[in-house]
Each structure stands twice: as C-alpha cells, then as structure tokens.
Amino acid sequence: MGTNWVHESSTDGGFAAAGGFIETHAGMHGGEDLLVATCLAAAAQGEINAYFDLGIAYSTGSHGVDCDLIEAHKWFNLAAVSGHEESQACRADISEEMTAREIAEAQRRAREWIAATSRKAA
C-alpha cells in the first residue's frame, strides 16, 4: 500500500495529486492538524516533499496553520537546498513580499532546523 503524494493546488485551495507529502486520506485520521503533524514528522526524517508541503501550508495559511511567510520561507529553503526545484520558485515568490530581516530570520530558522535534525541523526 503506497502513499498518495499530493501538494496544494492554487486553483482549488485543496491538496491535489502532484508530488508533495500530505496524504489524500490523512484527513480521515484527525483533520487538518494531523496533516501538518504528519508533515513535521516526515520533515524530521528528511522528507523533501514534506518540507515543500509545509512551505505551501504556511505560505497560504492552510491546513490549520496561520499564514507565516518566515516559516514558509524556512521550509521552502530546506526543500530547495535538498534539490526540490519547485520550492526554489516558491521561495523566490514569497521573498518579494518579505523584508531583509524576515528573510534573515527564515534563514536562521532553517539553519537551526538543520542543526537540530543533524544532532538527532548522529
């Protein structure tokens, strides 16, 4: 039984089949909060698509999280440095709406995430 990879579609506001981490049936197991929790757990394991989906959730304020461009940039940045091409464009798009200080904070948070998850793996 495989995972149905999905990401947010800008046209329907929901998650549609494409290449992210959030599973189409996850909503049956506890709602939108579980979707983000599932992505966070997967991100802690280094799942690149989970990074991207968290960026989408935070950039759109969907799936039970508030819109937070700093967090969105952090997750898109983590996905981008891991080779996720679409996240590079998303990161660039939201950067246009952010101050230099906000971008610096997002980068600091991304470095903290890398350091924290590297310690757990060691």
# chains A, B, ... in the order shown; residues from 1 in each chain; ligands from 1
call {"tool": "residues_around", "arguments": {"residues": "Gly46 (chain A)", "least_positions_apart": "4", "cutoff": "12 Å", "atoms": "only C-alpha atoms", "output": "ChimeraX atom specification"}}
result
/A:21,39-42,50-52,75,78-79,81-82,113-114,116-118,120-121
call {"tool": "closest_residue", "arguments": {"among": "A:Ser62, A:Asp33, A:Arg108, A:Ala72", "to": "Arg91 (chain A)", "atoms": "only C-alpha atoms"}}
result
A:Ala72
call {"tool": "select_by_dssp", "arguments": {"residues": "region 14-108 of chain A", "states": "alpha helix (DSSP H)", "output": "JSON, numbers by chain"}}
result
{"A": [32, 33, 34, 35, 36, 37, 38, 39, 40, 41, 42, 43, 44, 48, 49, 50, 51, 52, 53, 54, 55, 56, 57, 58, 59, 60, 69, 70, 71, 72, 73, 74, 75, 76, 77, 78, 79, 80, 81, 85, 86, 87, 88, 89, 90, 91, 92, 93, 94, 95, 100, 101, 102, 103, 104, 105, 106, 107, 108]}
call {"tool": "closest_residue", "arguments": {"among": "A:Ala110, A:Ile48, A:Cys90, A:Val65", "to": "Leu34 (chain A)", "atoms": "only C-alpha atoms"}}
result
A:Val65
call {"tool": "residues_around", "arguments": {"residues": "Ile94 (chain A)", "least_positions_apart": "2", "cutoff": "10 Å", "atoms": "only C-alpha atoms", "output": "list in words"}}
result
Ser59, Leu69, Ile70, Ala72, His73, Phe76, Ala89, Cys90, Arg91, Ala92, Glu96, Glu97, Met98 and Ile103 of chain A
call {"tool": "atom_distance", "arguments": {"atom1": "CA of His84 (chain A)", "atom2": "CA of Asn49 (chain A)"}}
result
7.7 Å
call {"tool": "closest_residue", "arguments": {"among": "A:Ala44, A:Gly61, A:Leu54, A:Gln107", "to": "Arg119 (chain A)", "atoms": "only C-alpha atoms"}}
result
A:Ala44
call {"tool": "atom_distance", "arguments": {"atom1": "CA of Ala106 (chain A)", "atom2": "CA of Asp68 (chain A)"}}
result
10.3 Å
